[in-house]
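What's in model_36.cif: mmCIF, C-alpha atoms and all ligand atoms
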data_structure
#
loop_
_atom_site.label_atom_id
_atom_site.label_comp_id
_atom_site.auth_asym_id
_atom_site.auth_seq_id
_atom_site.Cartn_x
_atom_site.Cartn_y
_atom_site.Cartn_z
CA MET A 955 -12.73 -5.95 -8.61
CA LEU A 956 -9.95 -7.37 -6.37
CA ASN A 957 -10.74 -10.92 -5.33
CA ILE A 958 -8.52 -12.98 -3.09
CA THR A 959 -9.76 -16.51 -2.59
CA ASN A 960 -8.47 -19.04 -0.07
CA VAL A 961 -4.92 -17.73 -0.16
CA SER A 962 -2.39 -19.45 2.11
CA LYS A 963 1.32 -18.89 2.58
CA THR A 964 3.69 -20.64 4.97
CA PHE A 965 7.33 -19.62 5.18
CA PHE A 966 9.92 -22.34 5.89
CA PRO A 967 7.31 -25.14 6.05
CA GLY A 968 8.21 -28.22 8.05
CA THR A 969 11.13 -26.53 9.82
CA VAL A 970 11.53 -25.07 13.29
CA ASN A 971 11.21 -21.64 11.65
CA GLU A 972 7.82 -22.41 10.08
CA ARG A 973 5.60 -19.29 9.90
CA LYS A 974 2.00 -19.49 8.75
CA ALA A 975 1.75 -15.96 7.31
CA LEU A 976 -1.63 -16.40 5.57
CA VAL A 977 -4.19 -19.07 6.39
CA ASN A 978 -6.96 -19.52 3.83
CA VAL A 979 -7.56 -15.78 3.44
CA SER A 980 -10.46 -14.61 1.27
CA LEU A 981 -11.30 -10.97 0.62
CA GLU A 982 -13.41 -9.24 -1.98
CA LEU A 983 -13.02 -5.55 -2.77
CA ARG A 984 -15.61 -3.75 -4.87
CA PRO A 985 -14.49 -1.04 -7.29
CA GLY A 986 -13.49 2.06 -5.31
CA ASP A 987 -13.37 0.26 -1.96
CA PHE A 988 -10.75 1.81 0.32
CA VAL A 989 -9.92 -0.75 2.98
CA THR A 990 -7.64 -0.03 5.93
CA VAL A 991 -5.76 -3.05 7.31
CA ILE A 992 -4.67 -3.31 10.93
CA GLY A 993 -3.24 -6.19 12.93
CA SER A 994 -0.71 -7.32 15.46
CA ASN A 995 2.96 -7.93 14.64
CA GLY A 996 3.41 -10.72 12.14
CA ALA A 997 -0.35 -10.87 11.45
CA GLY A 998 0.22 -11.22 7.70
CA LYS A 999 -0.55 -7.65 6.59
CA SER A 1000 2.55 -7.16 4.43
CA THR A 1001 2.32 -10.73 3.16
CA ILE A 1002 -1.18 -10.17 1.81
CA LEU A 1003 0.02 -7.05 -0.04
CA ASN A 1004 3.07 -8.96 -1.31
CA THR A 1005 0.81 -11.74 -2.57
CA ILE A 1006 -1.43 -9.30 -4.45
CA ALA A 1007 1.60 -7.49 -5.94
CA GLY A 1008 3.25 -10.77 -6.97
CA ARG A 1009 6.34 -10.14 -4.85
CA ILE A 1010 5.79 -13.49 -3.16
CA GLN A 1011 4.01 -16.51 -4.56
CA GLN A 1012 1.32 -18.01 -2.36
CA ASP A 1013 1.19 -21.77 -1.70
CA SER A 1014 -2.48 -22.00 -2.67
CA GLY A 1015 -5.46 -19.85 -3.58
CA ARG A 1016 -6.12 -17.31 -6.32
CA VAL A 1017 -5.90 -13.58 -6.91
CA GLU A 1018 -8.07 -11.81 -9.49
CA ILE A 1019 -8.29 -8.23 -10.65
CA ASP A 1020 -11.34 -7.25 -12.66
CA GLY A 1021 -12.26 -10.90 -13.18
CA LYS A 1022 -8.82 -11.75 -14.62
CA GLU A 1023 -6.76 -14.27 -12.71
CA ILE A 1024 -3.25 -12.96 -12.03
CA THR A 1025 -2.14 -15.64 -9.57
CA LYS A 1026 0.68 -16.89 -11.79
CA GLN A 1027 1.81 -13.51 -13.11
CA LYS A 1028 5.18 -12.16 -12.05
CA GLU A 1029 5.44 -8.85 -10.19
CA PHE A 1030 6.49 -6.87 -13.27
CA GLN A 1031 3.57 -8.28 -15.25
CA ARG A 1032 1.14 -6.94 -12.63
CA ALA A 1033 2.86 -3.57 -12.32
CA ALA A 1034 0.60 -1.74 -14.76
CA ARG A 1035 -2.50 -2.74 -12.78
CA ILE A 1036 -1.11 -2.29 -9.29
CA GLY A 1037 0.44 0.81 -7.70
CA ARG A 1038 2.30 0.46 -4.43
CA VAL A 1039 3.80 2.79 -1.84
CA PHE A 1040 6.08 1.48 0.90
CA GLN A 1041 6.93 2.76 4.36
CA ASP A 1042 10.44 3.78 3.37
CA PRO A 1043 10.41 7.05 1.40
CA MET A 1044 13.59 5.79 -0.32
CA ALA A 1045 11.81 2.74 -1.73
CA GLY A 1046 9.42 4.32 -4.22
CA THR A 1047 11.72 6.71 -6.03
CA ALA A 1048 15.19 6.73 -7.62
CA PRO A 1049 17.34 9.21 -5.61
CA ASN A 1050 19.90 9.85 -8.34
CA LEU A 1051 17.29 10.77 -10.94
CA THR A 1052 15.49 14.11 -11.07
CA VAL A 1053 11.84 14.63 -10.21
CA GLU A 1054 10.88 14.66 -13.90
CA GLU A 1055 12.99 11.58 -14.69
CA ASN A 1056 11.28 9.70 -11.87
CA LEU A 1057 7.88 10.71 -13.20
CA SER A 1058 8.92 9.65 -16.68
CA LEU A 1059 9.80 6.19 -15.35
CA ALA A 1060 6.44 5.95 -13.58
CA ASP A 1061 4.66 7.10 -16.72
CA ARG A 1062 6.15 4.21 -18.65
CA ARG A 1063 5.46 1.56 -16.03
CA GLY A 1064 4.35 -1.64 -17.64
CA ALA A 1065 5.46 -0.36 -21.07
CA PHE A 1066 8.68 -0.67 -23.02
CA ARG A 1067 11.34 0.86 -20.80
CA GLY A 1068 13.93 2.06 -23.33
CA LEU A 1069 14.68 5.80 -23.24
CA ALA A 1070 12.58 6.01 -20.11
CA ARG A 1071 14.48 9.02 -18.85
CA ALA A 1072 13.89 11.20 -21.88
CA VAL A 1073 11.27 13.87 -21.08
CA SER A 1074 9.57 15.74 -23.92
CA GLY A 1075 8.16 19.25 -23.56
CA SER A 1076 4.52 18.15 -23.54
CA LYS A 1077 5.30 15.46 -20.98
CA ARG A 1078 7.04 18.03 -18.81
CA ASP A 1079 3.94 20.25 -18.89
CA ARG A 1080 1.74 17.34 -17.89
CA PHE A 1081 4.11 16.35 -15.08
CA ALA A 1082 4.08 19.95 -13.80
CA GLU A 1083 0.27 19.93 -13.74
CA GLU A 1084 0.23 16.66 -11.81
CA LEU A 1085 2.83 17.95 -9.33
CA LYS A 1086 0.82 21.09 -8.64
CA VAL A 1087 -1.89 18.93 -7.06
CA LEU A 1088 0.57 18.01 -4.29
CA GLU A 1089 0.86 21.69 -3.31
CA LEU A 1090 4.54 21.20 -2.39
CA GLY A 1091 6.01 23.41 -5.11
CA LEU A 1092 7.70 20.41 -6.74
CA GLU A 1093 6.53 21.65 -10.14
CA ASN A 1094 9.28 24.28 -9.74
CA ARG A 1095 11.92 21.69 -8.83
CA MET A 1096 11.56 19.23 -11.68
CA LYS A 1097 15.31 19.17 -12.35
CA THR A 1098 16.14 18.51 -8.70
CA LYS A 1099 17.53 15.08 -7.80
CA VAL A 1100 14.90 13.27 -5.74
CA GLY A 1101 17.52 12.31 -3.13
CA LEU A 1102 17.60 15.98 -2.11
CA LEU A 1103 13.89 16.11 -1.25
CA SER A 1104 12.54 15.66 2.28
CA GLY A 1105 10.97 12.35 3.35
CA GLY A 1106 7.46 13.81 3.12
CA GLN A 1107 8.10 15.26 -0.35
CA ARG A 1108 9.51 11.92 -1.54
CA GLN A 1109 6.57 10.02 -0.13
CA ALA A 1110 4.09 12.40 -1.80
CA LEU A 1111 6.01 11.91 -5.06
CA SER A 1112 5.97 8.11 -4.54
CA LEU A 1113 2.20 8.28 -4.17
CA LEU A 1114 1.84 10.29 -7.36
CA MET A 1115 4.16 7.88 -9.20
CA ALA A 1116 2.31 4.82 -7.91
CA THR A 1117 -0.92 6.14 -9.38
CA PHE A 1118 0.50 7.72 -12.51
CA SER A 1119 -0.43 5.05 -15.01
CA ASN A 1120 -3.97 4.69 -13.67
CA PRO A 1121 -3.60 1.36 -11.88
CA LYS A 1122 -6.70 -0.58 -10.87
CA VAL A 1123 -5.44 -1.27 -7.38
CA LEU A 1124 -3.37 0.79 -4.93
CA LEU A 1125 -1.44 -0.92 -2.13
CA LEU A 1126 -0.18 1.26 0.72
CA ASP A 1127 2.14 -0.45 3.19
CA GLU A 1128 2.39 1.83 6.24
CA HIS A 1129 3.28 4.60 3.82
CA THR A 1130 2.98 7.38 6.41
CA ALA A 1131 4.65 5.55 9.32
CA ALA A 1132 8.14 6.98 8.79
CA LEU A 1133 6.96 10.59 8.55
CA ASP A 1134 6.55 13.19 11.28
CA PRO A 1135 2.90 13.86 12.23
CA GLN A 1136 2.56 16.94 10.04
CA ARG A 1137 3.97 15.23 6.94
CA ALA A 1138 1.97 12.10 7.71
CA GLU A 1139 -1.18 14.20 7.76
CA LEU A 1140 -0.26 15.78 4.44
CA VAL A 1141 0.40 12.41 2.77
CA THR A 1142 -2.83 11.00 4.25
CA ARG A 1143 -4.78 13.96 2.81
CA LEU A 1144 -3.12 13.49 -0.58
CA THR A 1145 -3.88 9.79 -0.45
CA ASN A 1146 -7.58 10.47 0.10
CA GLN A 1147 -7.53 13.01 -2.71
CA VAL A 1148 -5.81 10.71 -5.22
CA VAL A 1149 -7.89 7.65 -4.31
CA ARG A 1150 -11.14 9.61 -4.69
CA ALA A 1151 -10.10 11.39 -7.90
CA GLN A 1152 -9.10 8.13 -9.61
CA GLY A 1153 -11.70 5.90 -7.93
CA LEU A 1154 -8.87 3.55 -6.95
CA THR A 1155 -9.55 0.27 -5.18
CA THR A 1156 -7.18 0.56 -2.24
CA LEU A 1157 -5.71 -1.50 0.60
CA MET A 1158 -3.83 0.51 3.22
CA VAL A 1159 -1.87 -1.10 6.06
CA THR A 1160 -1.47 1.14 9.09
CA HIS A 1161 -0.57 0.90 12.76
CA ASN A 1162 -2.32 4.16 13.49
CA MET A 1163 -5.79 3.37 14.83
CA ASN A 1164 -7.12 6.88 14.22
CA GLN A 1165 -5.91 6.82 10.64
CA ALA A 1166 -7.41 3.35 10.16
CA LEU A 1167 -10.80 4.70 11.19
CA GLU A 1168 -10.59 8.11 9.55
CA VAL A 1169 -9.79 7.06 6.02
CA GLY A 1170 -11.43 4.54 3.75
CA ASN A 1171 -14.85 2.92 3.79
CA ARG A 1172 -13.96 -0.52 5.22
CA LEU A 1173 -11.57 -1.85 7.83
CA ILE A 1174 -10.12 -5.31 8.31
CA MET A 1175 -8.20 -6.64 11.26
CA MET A 1176 -5.74 -9.51 10.82
CA HIS A 1177 -4.31 -11.87 13.38
CA GLU A 1178 -2.06 -14.91 12.88
CA GLY A 1179 -2.62 -14.98 9.13
CA ARG A 1180 -6.40 -14.65 9.25
CA ILE A 1181 -8.89 -11.83 8.77
CA ILE A 1182 -10.68 -11.73 12.09
CA LEU A 1183 -12.76 -8.61 11.52
CA ASP A 1184 -14.18 -7.08 8.33
CA ALA A 1185 -16.03 -3.93 9.32
CA THR A 1186 -18.63 -2.62 6.89
CA PRO A 1187 -18.85 1.14 6.26
CA GLY A 1188 -21.70 1.40 8.79
CA GLU A 1189 -19.82 -0.53 11.48
CA LYS A 1190 -16.61 1.38 10.85
CA LYS A 1191 -18.32 4.74 11.36
CA GLN A 1192 -19.44 3.67 14.84
CA MET A 1193 -16.00 2.40 15.93
CA THR A 1194 -13.51 4.28 18.10
CA PRO A 1195 -9.75 3.69 18.39
CA GLU A 1196 -10.41 2.40 21.90
CA ASP A 1197 -12.79 -0.23 20.46
CA LEU A 1198 -10.00 -1.44 18.20
CA LEU A 1199 -7.44 -1.58 20.99
CA ARG A 1200 -9.94 -3.46 23.15
CA ARG A 1201 -10.34 -6.04 20.38
CA PHE A 1202 -6.56 -6.38 20.14
CA SER A 1203 -6.27 -6.89 23.86
CA GLN A 1204 -8.78 -9.76 23.67
CA LEU A 1205 -6.67 -11.64 21.11
CA LYS A 1206 -4.58 -14.46 22.41
CA GLY A 1207 -0.90 -13.82 21.78
CA ALA A 1208 -1.44 -10.52 19.96
CA ALA A 1209 1.68 -8.40 20.30
CA LEU A 1210 1.26 -4.74 19.52
CA ASP A 1211 4.50 -2.89 19.14
CA ASP A 1212 5.36 0.71 19.89
CA LYS A 1213 4.23 1.67 16.42
CA THR A 1214 0.58 1.03 17.28
CA MET A 1215 -0.76 4.41 18.05
CA LEU A 1216 -3.89 6.14 19.10
CA GLN A 1217 -2.77 9.55 17.89
N1 LIG B 1301 10.11 -13.27 3.43
C1 LIG B 1301 9.82 -13.91 4.57
N2 LIG B 1301 10.53 -14.96 4.98
C2 LIG B 1301 10.23 -15.62 6.11
N3 LIG B 1301 9.21 -15.29 6.93
C3 LIG B 1301 8.45 -14.23 6.59
C4 LIG B 1301 8.72 -13.48 5.39
N4 LIG B 1301 7.81 -12.49 5.30
C5 LIG B 1301 7.01 -12.61 6.38
N5 LIG B 1301 7.39 -13.65 7.14
C6 LIG B 1301 6.73 -14.12 8.37
O1 LIG B 1301 5.35 -14.24 8.10
C7 LIG B 1301 4.58 -13.72 9.17
C8 LIG B 1301 3.72 -12.56 8.68
O2 LIG B 1301 4.59 -11.48 8.38
P1 LIG B 1301 4.08 -10.08 7.79
O3 LIG B 1301 5.29 -9.28 7.47
O4 LIG B 1301 3.10 -10.31 6.72
O5 LIG B 1301 3.33 -9.47 9.07
P2 LIG B 1301 2.79 -8.00 9.31
O6 LIG B 1301 1.38 -8.15 9.74
O7 LIG B 1301 3.05 -7.14 8.13
O8 LIG B 1301 3.67 -7.59 10.57
P3 LIG B 1301 4.33 -6.19 11.03
O9 LIG B 1301 3.20 -5.32 11.46
O10 LIG B 1301 5.19 -6.62 12.17
O11 LIG B 1301 5.09 -5.65 9.87
C9 LIG B 1301 5.56 -13.34 10.26
O12 LIG B 1301 5.68 -14.43 11.15
C10 LIG B 1301 6.85 -13.10 9.51
O13 LIG B 1301 7.96 -13.37 10.32
#
Starting from the file, lay out its structure as structure tokens.
Ligand SMILES: Nc1ncnc2c1ncn2[C@@H]1O[C@H](COP(=O)(O)OP(=O)(O)OP(=O)(O)O)[C@@H](O)[C@H]1O
Amino acid sequence: MLNITNVSKTFFPGTVNERKALVNVSLELRPGDFVTVIGSNGAGKSTILNTIAGRIQQDSGRVEIDGKEITKQKEFQRAARIGRVFQDPMAGTAPNLTVEENLSLADRRGAFRGLARAVSGSKRDRFAEELKVLELGLENRMKTKVGLLSGGQRQALSLLMATFSNPKVLLLDEHTAALDPQRAELVTRLTNQVVRAQGLTTLMVTHNMNQALEVGNRLIMMHEGRIILDATPGEKKQMTPEDLLRRFSQLKGAALDDKTMLQ
């Protein structure tokens, strides 16, 4: 379903600032695979998501979704197939637009964007139904500007918007990291729910070892631009957060920051 083959990316090549962000990375996700991605600082986790989304162009290698090569496509051309949620709750939504206007934009992702803000009655009913699933009461606040919502509410809305047009692939880049534990738990639960309901093929970057083990069916660990562990569902079930931290501690030069948590 999502195939990444021999992808490499070096920033500032041939200079003192050279950074090998991805080194010949290959990864194959089957339909419905939910893969959590962990790794030390600068391991290449965000870069791999950026490469799949088309935000950055790799130096070599190919990316395919459903057997179709998308390597040369621009980010906006991939948008209909790929949903993405970022760490920053501000990143996925437009604060000056209302909840329903944001949903209307998401609904038209990958389509002609004119009149995107206009919301018809039938659309509004559908949006309300979708919002009910979040169990945050947002279906009663559809005319509220999104900038007035809490971080957790915005992130839940970002998740809904990212999956609104039935993408093939969902990319989650530490999307619960900026939330307090309670909100993070809520967004994690919603993520599981949405991924299962839509059978989405998902890659989720996290620094939370418990979360990395609790959700999804596979786990990969990255270090210095390479995938150094690809745990199968069976292996993942047996692993503990301590096992993961032990593996990190064995890596030469692996720097874990304060964000890496056992909670
Ligand atoms: N746009 C960029 N320009 C220059 N260097 C970059 C850029 N993006 C990433 N890098 C470098 O590439 C390497 C991999 O970065 P990346 O952000 O993918 O790591 P990460 O695993 O997501 O790290 P973290 O957990 O710290 O966010 C790092 O050395 C980083 O400094």
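Going from atom CA of A:Leu1051 over to atom CA of A:Val1123, you cover 26.0 Å.
The gap separating atom CA of A:Ala1033 from atom CA of A:Asn1120 is 10.8 Å, in Å to one decimal.
Counting all atoms listed in the file, A:Arg1137 has the following residues at most 12 Å away, ignoring those fewer than 2 positions along the same chain: A:Pro1043, A:Leu1090, A:Ser1104, A:Gly1105, A:Gly1106, A:Gln1107, A:Arg1108, A:Gln1109, A:Ala1110, A:His1129, A:Thr1130, A:Ala1131, A:Ala1132, A:Leu1133, A:Asp1134, A:Pro1135, A:Glu1139, A:Leu1140, A:Val1141, A:Thr1142, A:Arg1143, A:Leu1144.
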### Query
What residues have an atom no more than 10 Å from (-5.8, 3.2, -12.4) in the file's own frame, counting only C-alpha atoms, and can you write them as a list in words?
Ala1034, Arg1035, Ile1036, Gly1037, Ala1116, Thr1117, Phe1118, Ser1119, Asn1120, Pro1121, Lys1122, Val1123, Leu1124, Val1149, Gln1152, Gly1153, Leu1154 and Thr1155 of chain A
### Query
What lies within 6 Å of A:Glu1018 using only C-alpha atoms, ignoring chain neighbours under 2 positions off, as number ranges by chain?
A: 956-957, 1021-1024
### Query
ligand LIG 1301 (chain B): which residues are within 7 Å, counting all atoms listed in the file, as an MDAnalysis selection string?
chainID A and resid 965:966 973:975 993:1002 1179
### Query
Quick one, how far is atom CA of A:Ile958 from atom CA of A:Thr1025?
9.5 Å
